[in-house]
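Engineer: Please find one structure pasted underneath; my questions will follow.
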Amino acid sequence: METRIDLPRPPVDPEPASFPVLASLAPVLGAGAMWLLLQTPTVLVFALLGPVIALASLGDGRRVRRRRQRREAARWRAEIADAQARVDAALDARRRELRSASPGPRAVAARPPHDPHRWRRSADAPVPVVLGTGPLPSGIVVDGAVPAADPAVRRLGAAEQAARLRSAAAVVDGPVVADARDGLGFVGPLPVATALARSALVQALDAVPPDAAEVIAPDDIAWDWLDGVPHRLHREPGTAVRIVGDGVEVTIAVAPDASLLPRECRTVVRAALDVARTGERSCAPAAITALEAAQAVETLASAAEHAGLRRSGGLPSRVELDALPVAAGGLAATFLAAEAPMELDLVRDGPHAVVGGTTGSGKSELLIAWVAAMAAGRSTEEVSFLLVDFKGGASFAPLEGLAHCVGVMTDLDDGGARRAIESLRAELRRRERLLAGQGARSIDEAVGVPRLVIVVDEFAAMLQELPDLHRLFVDLAARGRSLGVHLVLCTQRPAEAVRDALLANCGIRISLRVTDEHDAVAVTGSAEPAAIPLDARGRCIVRVAGGETRAAQAAIASPAHLERLVAASAGLPRPARPWCEPLPARLPLADVDAEDGASPGAGGAVRLGLVDRPAEQRVAPVRWRPALDGPLLAVGGAASGRSTLAELVAAQLGTAVVDREDALWDALQEPGPLVVDDLDLQLARLGEEQQAVVVQLLQRRMREGVPVALTARRVSSAMAQVAPLAELRILLRIASRQEHIVAGGTGQLHDASLPPGAGWLHDERVQLALPEAPVPRRRPRSVPLRSERVAVVLGAGADVPAALARAAARPGADASADVVLGTVGEWEAAWGELDRLRAERPVVVLGVDERQLRQVLRHAPAPPPMRTAPAWVLEGGRFERLRYASSEATGAA
């Protein structure tokens, strides 16, 4: 509060008397007038009266001015003394006020035990501690200005007096107070620093009620005087004393150097015998002896007894879940213990909960005990659990056999996150339909709809990897109460992960030990969890629906207890699952039959595998009906299951797999189903003319409605006219995102880590089945030479079969010979001879490429592709691969 005191009016000198001009001139003018009238020179003597009067007037004015100056100086001195008295009175009042508000350590023992003002501190209020006595701002303001240039002010030193008054009024000698919640560290000679720490601790204990906090003190003789304190006391190794309770956390430590203080000590006091300094403030230290501290403790103990505040027993270090009662009603569970067992109910206190705790604090044990406590005594028609462990460990392994457990999820990736989002949203829709069907406004009015508790461990790590899940959990938190879906979110970093949109719906907040006060405050609104000792595993601070914080010990569910619980649930009906298990990495074809109940190929359908439909909460069979679905194209990289799919389809269509370009050429000349593996590779091995023929025939086949199934590593430019005709397209694992998009996929669905046989169909995740038996590959067709009268076109370096060479004649030499044999150049020289001969006999082509062949057989059809040295026979206007006895020696077909 500010007090204002006005300065007296500054002293002012009176104005000096003016020169008496008229009084001085009057005698002179009168003498002159008389002389003119009387003409007597003696009358001029009267003119001398003018200067006499002037001098007399000046002397009189100076006398009056000095008298007035003396009166003004006396006034100033009296009024400035009065102002000084008022300042002193204000300073005294301020000093008494400060000392009354902060009486210091010795006043603790001096106050009577029945003092009604003791322990009236409200939650989250400061914990004031007097460090000593020193100069403080008084809040007294001296108003008024004293112009230093004024002569009277200079003569009386009024400006300096006013300055001294202002300076004296601005500072009061009072108690220097610090808030013990900021942590106090006393540095200096240990006896002096310890004496000051004793003083601070006694004052903190006088401020915090015994039933609202506990004291954690070093196991050192210097702190033995604390043994009689009315607060709950724990002794453990260390150098700092901590007071931890509802809305308060105080740390007081002593060290020879500031670097040795705990990080909680944000206020450092440097102590000496005659002075204590903190920051820029210094004071005479308010130290007390151990004897004085013990006397103060006795007074506090008497006061606690008078007020009916008894020291409560300490929390147990270990609690067995078996020893706690089984709660009933709602989702009540007793898995915490304080002075008595503590019950929490997600229905009554929730609907959701957040649990914070660092590694090693006992989070997993608490979650297991909580789930076990909720499952005990309840059927699967009342509650079910979905457990999510993002760490990928075995935290929830003991609960997997529980009939209430509808699933355990670990190691979610992007695909798993999308699946979880769709499945849980589908679960909300399913519950909405069930409630609407019963005309119920909430699950409390519904029948046969169990509550679902979703327990998530490492929630912050999950959101960091999969941020899209945050929107889902906000939706679950907002709609969960009426639909019976409850969240228990556990994380090491609650300040970062659990944002306001989620936290607003979390009525139950539990914090085990955390390393950061921000994380502690984010969960419980108190910094107490940051002060939980390292070895206090399972120790936690609990806050329910905005109430006061309470310390508790989490129970441990022993393996024997969990085994009994699992065994007791064995006969219970399994609840509806919010989603199915992920698709298997290996899928036998028989499992597809079991899903649908139809025989293989029934109704012209080809079984392909299973499709995951989390939005419908089911896994369905995938079938290909060529007449309805059109041609099939599967695109996938190496070891993606591409060839396996070709075998799967070919086996059910009763045909062979075509995996060679020469066999593909033959297959396109024949009717029936067509299954081609690695079409892009086969087209790449063909010549330009052969490729055009194959593409044209393949387009015709696909348009005819005949079953056509194609696979490819990628959609190449050669497939540009074929790929659009494939109405059913399966995208298997493709290494490049760009190739995935070119193949017709969505960029966000690209996944280079898919297992073999896994892929996407209409943007749905599918797993292809494995064929039941190996499927043959189609071999290229060849024919023997059926005529002895032939014309032979021989390429450079080609070997001539002996049977033909013995009877051969050269072009133009003997047209009637049975065998007319010539090189490309010789046939060109005999212009028209080969065209005449091809009309009456077969033409054998050996070792001639397509370009050279066009030089001598300009109007012949495209020859079939061959992987060995070309050996064709042209007969009846059609090329066939040639097979003859010496083919193995020559390398021909």
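Simple scheme: letters A, B, ... for chains in structure tokens order, numbers from 1 for residues in each chain, numbers from 1 for ligands in the order shown.
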Within 9 Å of segment 274-281 of chain A, counting only C-alpha atoms, which residues show up once you throw out same-chain ones fewer than 3 positions away? Write them as a list of chain:residue names, please.
Structural biologist: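 Near neighbours after the sequence-gap exclusion: A:Leu131, A:Gly132, A:Gly134, A:Pro135, A:Leu136, A:Val176, A:Thr267, A:Val268, A:Val269, A:Arg270, A:Ala271, A:Ala284, A:Pro285, A:Ala286.
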Engineer: Which residues are near segment 350-362 of chain A? Cut-off 7 Å, only C-alpha atoms, ignore same chain within fewer than 2 positions. Put them as a PyMOL selection string.
Structural biologist: chain A and resi 345-348+364-366+481+486-494+505-515+523+537-538
Engineer: I want to know what sits within 8 Å of segment 382-389 of chain A, based on only C-alpha atoms, with residues of the same chain fewer than 6 positions away left out; could you give that as an MDAnalysis selection string?
Structural biologist: chainID A and resid 371 375 395:396 404:411 448:458 575
Engineer: Now that the selection is made, can you save its residues with N, CA and C atoms as a PDB file, in the first residue's frame?
Structural biologist:
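Dumped everything to result.pdb:
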```
ATOM      1  N   VAL A 371      -6.297 -52.277 -14.591  1.00  0.00           N
ATOM      2  CA  VAL A 371      -7.114 -53.123 -15.461  1.00  0.00           C
ATOM      3  C   VAL A 371      -7.588 -54.365 -14.711  1.00  0.00           C
ATOM      4  N   ALA A 375     -11.430 -55.517 -13.982  1.00  0.00           N
ATOM      5  CA  ALA A 375     -11.939 -56.786 -14.502  1.00  0.00           C
ATOM      6  C   ALA A 375     -12.451 -57.690 -13.395  1.00  0.00           C
ATOM      7  N   SER A 395       4.568 -55.215 -21.860  1.00  0.00           N
ATOM      8  CA  SER A 395       3.980 -54.660 -20.644  1.00  0.00           C
ATOM      9  C   SER A 395       2.635 -55.294 -20.330  1.00  0.00           C
ATOM     10  N   PHE A 396       1.814 -55.495 -21.368  1.00  0.00           N
ATOM     11  CA  PHE A 396       0.464 -56.007 -21.151  1.00  0.00           C
ATOM     12  C   PHE A 396       0.365 -57.509 -21.398  1.00  0.00           C
ATOM     13  N   HIS A 404     -11.770 -60.424 -21.057  1.00  0.00           N
ATOM     14  CA  HIS A 404     -12.216 -59.045 -21.276  1.00  0.00           C
ATOM     15  C   HIS A 404     -11.346 -58.312 -22.299  1.00  0.00           C
ATOM     16  N   CYS A 405     -10.153 -58.818 -22.556  1.00  0.00           N
ATOM     17  CA  CYS A 405      -9.189 -58.134 -23.431  1.00  0.00           C
ATOM     18  C   CYS A 405      -9.540 -58.401 -24.884  1.00  0.00           C
ATOM     19  N   VAL A 406      -9.892 -57.360 -25.621  1.00  0.00           N
ATOM     20  CA  VAL A 406     -10.274 -57.516 -27.024  1.00  0.00           C
ATOM     21  C   VAL A 406      -9.099 -57.324 -27.966  1.00  0.00           C
ATOM     22  N   GLY A 407      -7.932 -56.986 -27.446  1.00  0.00           N
ATOM     23  CA  GLY A 407      -6.777 -56.844 -28.316  1.00  0.00           C
ATOM     24  C   GLY A 407      -5.629 -56.132 -27.620  1.00  0.00           C
ATOM     25  N   VAL A 408      -4.409 -56.451 -28.059  1.00  0.00           N
ATOM     26  CA  VAL A 408      -3.201 -55.785 -27.586  1.00  0.00           C
ATOM     27  C   VAL A 408      -2.461 -55.306 -28.821  1.00  0.00           C
ATOM     28  N   MET A 409      -2.276 -54.000 -28.915  1.00  0.00           N
ATOM     29  CA  MET A 409      -1.600 -53.431 -30.083  1.00  0.00           C
ATOM     30  C   MET A 409      -0.210 -52.967 -29.691  1.00  0.00           C
ATOM     31  N   THR A 410       0.770 -53.271 -30.536  1.00  0.00           N
ATOM     32  CA  THR A 410       2.145 -52.833 -30.310  1.00  0.00           C
ATOM     33  C   THR A 410       2.740 -52.371 -31.629  1.00  0.00           C
ATOM     34  N   ASP A 411       3.746 -51.502 -31.528  1.00  0.00           N
ATOM     35  CA  ASP A 411       4.546 -51.079 -32.688  1.00  0.00           C
ATOM     36  C   ASP A 411       3.684 -50.632 -33.863  1.00  0.00           C
ATOM     37  N   GLY A 448     -26.879 -54.616 -22.781  1.00  0.00           N
ATOM     38  CA  GLY A 448     -26.021 -55.503 -23.556  1.00  0.00           C
ATOM     39  C   GLY A 448     -24.893 -54.831 -24.304  1.00  0.00           C
ATOM     40  N   VAL A 449     -24.549 -53.608 -23.928  1.00  0.00           N
ATOM     41  CA  VAL A 449     -23.433 -52.898 -24.570  1.00  0.00           C
ATOM     42  C   VAL A 449     -22.349 -52.688 -23.514  1.00  0.00           C
ATOM     43  N   PRO A 450     -21.273 -53.472 -23.548  1.00  0.00           N
ATOM     44  CA  PRO A 450     -20.235 -53.316 -22.518  1.00  0.00           C
ATOM     45  C   PRO A 450     -19.433 -52.044 -22.716  1.00  0.00           C
ATOM     46  N   ARG A 451     -18.951 -51.518 -21.627  1.00  0.00           N
ATOM     47  CA  ARG A 451     -18.049 -50.360 -21.713  1.00  0.00           C
ATOM     48  C   ARG A 451     -16.707 -50.828 -22.246  1.00  0.00           C
ATOM     49  N   LEU A 452     -16.054 -49.963 -23.003  1.00  0.00           N
ATOM     50  CA  LEU A 452     -14.740 -50.260 -23.575  1.00  0.00           C
ATOM     51  C   LEU A 452     -13.723 -49.294 -22.973  1.00  0.00           C
ATOM     52  N   VAL A 453     -12.688 -49.843 -22.347  1.00  0.00           N
ATOM     53  CA  VAL A 453     -11.610 -49.042 -21.765  1.00  0.00           C
ATOM     54  C   VAL A 453     -10.378 -49.206 -22.649  1.00  0.00           C
ATOM     55  N   ILE A 454      -9.906 -48.109 -23.217  1.00  0.00           N
ATOM     56  CA  ILE A 454      -8.713 -48.118 -24.071  1.00  0.00           C
ATOM     57  C   ILE A 454      -7.546 -47.597 -23.239  1.00  0.00           C
ATOM     58  N   VAL A 455      -6.569 -48.450 -22.993  1.00  0.00           N
ATOM     59  CA  VAL A 455      -5.408 -48.106 -22.173  1.00  0.00           C
ATOM     60  C   VAL A 455      -4.207 -47.945 -23.105  1.00  0.00           C
ATOM     61  N   VAL A 456      -3.597 -46.767 -23.100  1.00  0.00           N
ATOM     62  CA  VAL A 456      -2.478 -46.471 -24.004  1.00  0.00           C
ATOM     63  C   VAL A 456      -1.241 -46.164 -23.171  1.00  0.00           C
ATOM     64  N   ASP A 457      -0.207 -46.983 -23.332  1.00  0.00           N
ATOM     65  CA  ASP A 457       1.082 -46.706 -22.695  1.00  0.00           C
ATOM     66  C   ASP A 457       1.966 -45.967 -23.702  1.00  0.00           C
ATOM     67  N   GLU A 458       2.793 -45.048 -23.212  1.00  0.00           N
ATOM     68  CA  GLU A 458       3.678 -44.222 -24.056  1.00  0.00           C
ATOM     69  C   GLU A 458       2.862 -43.420 -25.078  1.00  0.00           C
ATOM     70  N   PRO A 575     -16.199 -60.578 -25.831  1.00  0.00           N
ATOM     71  CA  PRO A 575     -16.926 -59.376 -26.291  1.00  0.00           C
ATOM     72  C   PRO A 575     -16.585 -59.045 -27.735  1.00  0.00           C
TER      73      PRO A 575
END
```
Engineer: Among segment 42-261 of chain A, which residues does DSSP mark as helix (DSSP H, G or I) when it is run on the backbone? Keep the chain and numbering as in the structure and answer as a PyMOL selection string.
Structural biologist: chain A and resi 42-101+106-110+151-156+158-170+180-182+190-207+210-212+221-228+258-260
Engineer: Set the distance at 8 Å and use only C-alpha atoms: which residues neighbour segment 724-729 of chain A once local chain neighbours fewer than 4 positions away are removed? I'd like the list as a PDB file with N, CA and C atoms, in the first residue's frame.
Structural biologist:
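That gives us result09.pdb:
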```
ATOM      1  N   ASP A 629     -15.421 -58.361 -63.344  1.00  0.00           N
ATOM      2  CA  ASP A 629     -14.364 -57.440 -62.924  1.00  0.00           C
ATOM      3  C   ASP A 629     -13.414 -57.056 -64.040  1.00  0.00           C
ATOM      4  N   GLY A 630     -13.461 -57.782 -65.181  1.00  0.00           N
ATOM      5  CA  GLY A 630     -12.547 -57.476 -66.268  1.00  0.00           C
ATOM      6  C   GLY A 630     -11.153 -58.023 -66.017  1.00  0.00           C
ATOM      7  N   PRO A 631     -10.182 -57.687 -66.869  1.00  0.00           N
ATOM      8  CA  PRO A 631      -8.815 -58.199 -66.721  1.00  0.00           C
ATOM      9  C   PRO A 631      -8.173 -57.731 -65.414  1.00  0.00           C
ATOM     10  N   LEU A 632      -7.210 -58.522 -64.962  1.00  0.00           N
ATOM     11  CA  LEU A 632      -6.509 -58.262 -63.705  1.00  0.00           C
ATOM     12  C   LEU A 632      -5.061 -57.891 -64.008  1.00  0.00           C
ATOM     13  N   LEU A 633      -4.581 -56.841 -63.326  1.00  0.00           N
ATOM     14  CA  LEU A 633      -3.178 -56.449 -63.441  1.00  0.00           C
ATOM     15  C   LEU A 633      -2.626 -56.271 -62.029  1.00  0.00           C
ATOM     16  N   ALA A 634      -1.507 -56.946 -61.745  1.00  0.00           N
ATOM     17  CA  ALA A 634      -0.824 -56.796 -60.461  1.00  0.00           C
ATOM     18  C   ALA A 634       0.566 -56.239 -60.727  1.00  0.00           C
ATOM     19  N   VAL A 635       0.921 -55.157 -60.022  1.00  0.00           N
ATOM     20  CA  VAL A 635       2.221 -54.509 -60.199  1.00  0.00           C
ATOM     21  C   VAL A 635       2.966 -54.586 -58.872  1.00  0.00           C
ATOM     22  N   GLN A 699      -4.364 -56.692 -76.415  1.00  0.00           N
ATOM     23  CA  GLN A 699      -5.515 -55.790 -76.305  1.00  0.00           C
ATOM     24  C   GLN A 699      -6.798 -56.480 -76.770  1.00  0.00           C
ATOM     25  N   MET A 702      -7.938 -58.988 -74.151  1.00  0.00           N
ATOM     26  CA  MET A 702      -8.520 -58.360 -72.960  1.00  0.00           C
ATOM     27  C   MET A 702      -9.905 -57.793 -73.236  1.00  0.00           C
ATOM     28  N   ARG A 703     -10.149 -57.357 -74.456  1.00  0.00           N
ATOM     29  CA  ARG A 703     -11.471 -56.813 -74.791  1.00  0.00           C
ATOM     30  C   ARG A 703     -12.504 -57.898 -75.033  1.00  0.00           C
ATOM     31  N   ALA A 720       1.658 -49.066 -72.089  1.00  0.00           N
ATOM     32  CA  ALA A 720       0.773 -47.901 -72.021  1.00  0.00           C
ATOM     33  C   ALA A 720      -0.604 -48.172 -72.619  1.00  0.00           C
ATOM     34  N   LEU A 761      -5.810 -52.925 -53.068  1.00  0.00           N
ATOM     35  CA  LEU A 761      -6.840 -53.123 -54.075  1.00  0.00           C
ATOM     36  C   LEU A 761      -7.940 -52.106 -53.797  1.00  0.00           C
ATOM     37  N   HIS A 762      -8.152 -51.198 -54.742  1.00  0.00           N
ATOM     38  CA  HIS A 762      -9.118 -50.108 -54.531  1.00  0.00           C
ATOM     39  C   HIS A 762      -8.795 -49.363 -53.233  1.00  0.00           C
TER      40      HIS A 762
END
```
Engineer: Determine, counting only C-alpha atoms, which protein, DNA and RNA residues have an atom within 8 Å of an atom of Leu402 of chain A; residues of the same chain fewer than 2 positions away are not included. Present the result as an MDAnalysis selection string.
Structural biologist: chainID A and resid 399:400 404:405 565:567 569:570
Engineer: Limited to N, CA and C atoms, could you put the picked residues into a file as a PDB file, in the first residue's frame?
Structural biologist:
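Contents of the output file selection.pdb:
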```
ATOM      1  N   LEU A 399      -1.984 -59.720 -19.382  1.00  0.00           N
ATOM      2  CA  LEU A 399      -3.425 -59.500 -19.516  1.00  0.00           C
ATOM      3  C   LEU A 399      -3.996 -60.024 -20.827  1.00  0.00           C
ATOM      4  N   GLU A 400      -3.144 -60.531 -21.719  1.00  0.00           N
ATOM      5  CA  GLU A 400      -3.618 -60.951 -23.031  1.00  0.00           C
ATOM      6  C   GLU A 400      -4.614 -62.096 -22.940  1.00  0.00           C
ATOM      7  N   HIS A 404     -11.770 -60.424 -21.057  1.00  0.00           N
ATOM      8  CA  HIS A 404     -12.216 -59.045 -21.276  1.00  0.00           C
ATOM      9  C   HIS A 404     -11.346 -58.312 -22.299  1.00  0.00           C
ATOM     10  N   CYS A 405     -10.153 -58.818 -22.556  1.00  0.00           N
ATOM     11  CA  CYS A 405      -9.189 -58.134 -23.431  1.00  0.00           C
ATOM     12  C   CYS A 405      -9.540 -58.401 -24.884  1.00  0.00           C
ATOM     13  N   LEU A 565      -7.021 -64.564 -12.130  1.00  0.00           N
ATOM     14  CA  LEU A 565      -8.004 -63.713 -12.794  1.00  0.00           C
ATOM     15  C   LEU A 565      -8.264 -64.179 -14.216  1.00  0.00           C
ATOM     16  N   VAL A 566      -7.197 -64.550 -14.931  1.00  0.00           N
ATOM     17  CA  VAL A 566      -7.345 -65.051 -16.303  1.00  0.00           C
ATOM     18  C   VAL A 566      -8.116 -66.361 -16.305  1.00  0.00           C
ATOM     19  N   ALA A 567      -7.785 -67.241 -15.386  1.00  0.00           N
ATOM     20  CA  ALA A 567      -8.481 -68.531 -15.314  1.00  0.00           C
ATOM     21  C   ALA A 567      -9.961 -68.340 -15.005  1.00  0.00           C
ATOM     22  N   SER A 569     -11.800 -65.950 -15.893  1.00  0.00           N
ATOM     23  CA  SER A 569     -12.511 -65.366 -17.040  1.00  0.00           C
ATOM     24  C   SER A 569     -12.590 -66.314 -18.224  1.00  0.00           C
ATOM     25  N   ALA A 570     -12.024 -67.513 -18.083  1.00  0.00           N
ATOM     26  CA  ALA A 570     -11.927 -68.419 -19.230  1.00  0.00           C
ATOM     27  C   ALA A 570     -13.296 -68.789 -19.792  1.00  0.00           C
TER      28      ALA A 570
END
```
